[in-house]
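Colleague: One structure, as structure tokens, below. Some questions next.
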Amino acid sequence: MRGIIIILIVFANYANAKSPNEVRSAFLYQMAKFIEFPNQQTKATTRFCFYSINKGPGAILSENKNLTVRNRPIEVIKIDKNTNIMELSQQCDITYIDELSENDILSTWTDTTSLNMVLVGDSIKFLEGGGIASLVQEGSKIRLYINRRQIAQHNFTVLSRLLAVSKFHPN
């Protein structure tokens with residue numbers, strides 16, 4: 001119970017951010033703290049991948065060079081849209097796909113292969129297309145939705161503390 005309260009306090013602090021992109025970047029960063037990735041003990045960094053690091057959550061995280069996850073620095077990587085999903089799964093821990101790119105990218109990634117990374121989008125449609133998590137704007141709030149079916153099929157573990165503050169789709 002204490003862990004849930006801590007998570008809610010951390011997310012509440014980020015909820016006062018100025019823009020949806022700042023809130024999304026805070027969610028992505030906090031999510032990484034509550035996901036156990038394969039070979040995490042041997043990794044030098046926690047890797048966040050974006051199609052753009054000039055704008056959006058990628059730009060915000062790349063500006064914050066002093067952030068760490070489990071005492072390891074974060075690394076922000078700009079990826080190419082032509083990179084296949086298996087290469088990304090080896091390069092990235094969390095890959096964020098904005099709503100403008102969701103349709104183009106996710107349809108080419110429909111695959112039953114287990115991944116080592118978390119795919120995060122911006123819409124419920126992203127989850128329906130096979131995405132793992134989505135940061136959905138509902139009015140003035142951004143909510144974290146998780147696709148339960150997808151998290152069970154991949155090589156990472158989402159800790160119960162993160163699941164406790166998430167909504168699920170499909171229910």
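Labels used: A, B, ... for chains in the order of the structure tokens, numbers from 1 for residues in each chain, and numbers from 1 for ligands as shown.
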Skipping near chain neighbours, those fewer than 6 positions away, what residues fall within 7 Å of region 133-138 of chain A using only C-alpha atoms, listed as a list in words?
Modeller: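 Once the adjacent positions are removed, what remains is Arg24, Leu119, Val120, Gly121, Asp122, Ser123, Ile124, Leu127, Leu144, Tyr145, Ile146 and Asn147 of chain A.
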Colleague: Write the residues of the preceding selection, restricted to N, CA and C atoms, as a short mmCIF file (atom, residue, chain, number, x, y, z; two decimals), in the first residue's frame.
Modeller:
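And here is the file that came out, again-v8.cif:
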data_model
loop_
_atom_site.label_atom_id
_atom_site.label_comp_id
_atom_site.auth_asym_id
_atom_site.auth_seq_id
_atom_site.Cartn_x
_atom_site.Cartn_y
_atom_site.Cartn_z
N ARG A 24 3.78 13.34 -20.45
CA ARG A 24 4.13 12.07 -21.08
C ARG A 24 5.58 11.68 -20.78
N LEU A 119 6.43 -1.03 -25.78
CA LEU A 119 5.96 -0.10 -26.81
C LEU A 119 4.87 0.77 -26.21
N VAL A 120 5.07 2.09 -26.24
CA VAL A 120 4.12 3.02 -25.64
C VAL A 120 3.63 3.96 -26.72
N GLY A 121 2.31 4.14 -26.79
CA GLY A 121 1.70 5.05 -27.75
C GLY A 121 0.86 6.10 -27.05
N ASP A 122 -0.06 6.72 -27.82
CA ASP A 122 -0.88 7.82 -27.32
C ASP A 122 -2.37 7.56 -27.36
N SER A 123 -2.81 6.39 -27.81
CA SER A 123 -4.25 6.20 -28.00
C SER A 123 -4.70 4.78 -27.66
N ILE A 124 -5.99 4.63 -27.47
CA ILE A 124 -6.58 3.31 -27.26
C ILE A 124 -6.41 2.48 -28.53
N LEU A 127 -3.32 0.46 -28.51
CA LEU A 127 -3.44 -0.78 -27.73
C LEU A 127 -4.17 -1.85 -28.53
N LEU A 144 -2.56 6.46 -17.98
CA LEU A 144 -1.81 5.31 -18.45
C LEU A 144 -2.75 4.12 -18.60
N TYR A 145 -2.81 3.60 -19.81
CA TYR A 145 -3.56 2.38 -20.10
C TYR A 145 -2.56 1.29 -20.45
N ILE A 146 -2.86 0.08 -20.02
CA ILE A 146 -2.01 -1.06 -20.31
C ILE A 146 -2.84 -2.16 -20.95
N ASN A 147 -2.26 -2.79 -21.96
CA ASN A 147 -2.89 -3.92 -22.65
C ASN A 147 -2.44 -5.19 -21.92
#
Colleague: Could you pull out the residues in region 6-128 of chain A that DSSP calls strand (DSSP E) from the backbone, as a list in words?
Modeller: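 Matching residues, listed in order: Ile35, Glu36, Thr46, Arg47, Phe48, Cys49, Phe50, Thr68, Val69, Arg72, Pro73, Ile74, Glu75, Val76, Ile77, Lys78, Ile94, Thr95, Tyr96, Val118, Leu119, Val120 and Gly121 of chain A.
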Colleague: Of the candidates A:Thr95, A:Pro57, A:Leu88, A:Ser101, which one gets nearest to Phe27 (chain A) if we count only C-alpha atoms?
Modeller: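 Among the listed residues, A:Pro57 lies closest to Phe27 (chain A).
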Colleague: By how many Å are CA of Ile85 (chain A) and CA of Ile97 (chain A) apart?
Modeller: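 Taking CA of Ile85 (chain A) and CA of Ile97 (chain A), their separation equals 12.4 Å.
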Colleague: Near Asn21 (chain A), within 9 Å and counting only C-alpha atoms, which residues show up once chain neighbours fewer than 5 positions away are dropped, as a list in words?
Modeller: Ala26, Lys55, Gly56, Pro57, Gly58 and Ile60 of chain A
Colleague: Which residues are near Cys49 (chain A)? Cut-off 6 Å, only C-alpha atoms, ignore same chain within fewer than 4 positions. Put them as a ChimeraX atom specification.
Modeller: /A:76-78,92,95
Colleague: Those same residues, written as an mmCIF file, in the first residue's frame with C-alpha atoms?
Modeller:
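Final file, selection.cif:
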data_model
loop_
_atom_site.group_PDB
_atom_site.id
_atom_site.type_symbol
_atom_site.label_atom_id
_atom_site.label_comp_id
_atom_site.auth_asym_id
_atom_site.auth_seq_id
_atom_site.Cartn_x
_atom_site.Cartn_y
_atom_site.Cartn_z
ATOM 1 C CA VAL A 76 17.722 8.808 -25.144
ATOM 2 C CA ILE A 77 18.062 7.327 -28.611
ATOM 3 C CA LYS A 78 16.653 8.678 -31.878
ATOM 4 C CA CYS A 92 15.561 0.002 -26.498
ATOM 5 C CA THR A 95 9.986 2.937 -27.275
#
Colleague: Tell me, in Å to one decimal, how far CA of Phe34 (chain A) is from CA of Ser140 (chain A).
Modeller: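 Between CA of Phe34 (chain A) and CA of Ser140 (chain A) the gap is 24.7 Å.
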Colleague: Find the residue from A:Glu102, A:Glu75, A:Glu128, A:Asp80 that sits nearest to Phe48 (chain A); use only C-alpha atoms when measuring.
Modeller: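 With only C-alpha atoms as the atom set, the closest residue is A:Glu75.
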Colleague: Per DSSP on the backbone, what are the helix (DSSP H, G or I) residues of region 15-165 of chain A, as a VMD selection string?
Modeller: chain A and resid 15 20 to 33 40 to 42 56 to 63 85 to 91 99 to 109 124 to 128 148 to 151 160 to 164
Colleague: In Å, how far is it from CA of Tyr51 (chain A) to CA of Phe37 (chain A)?
Modeller: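 Interatomic distance here is 21.2 Å.
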Colleague: Ranking A:Met86, A:Met31, A:Ile53, A:Leu159 by minimum distance to Val69 (chain A) and counting only C-alpha atoms, which one comes first?
Modeller: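 Under the stated criterion, the closest residue is A:Met31.
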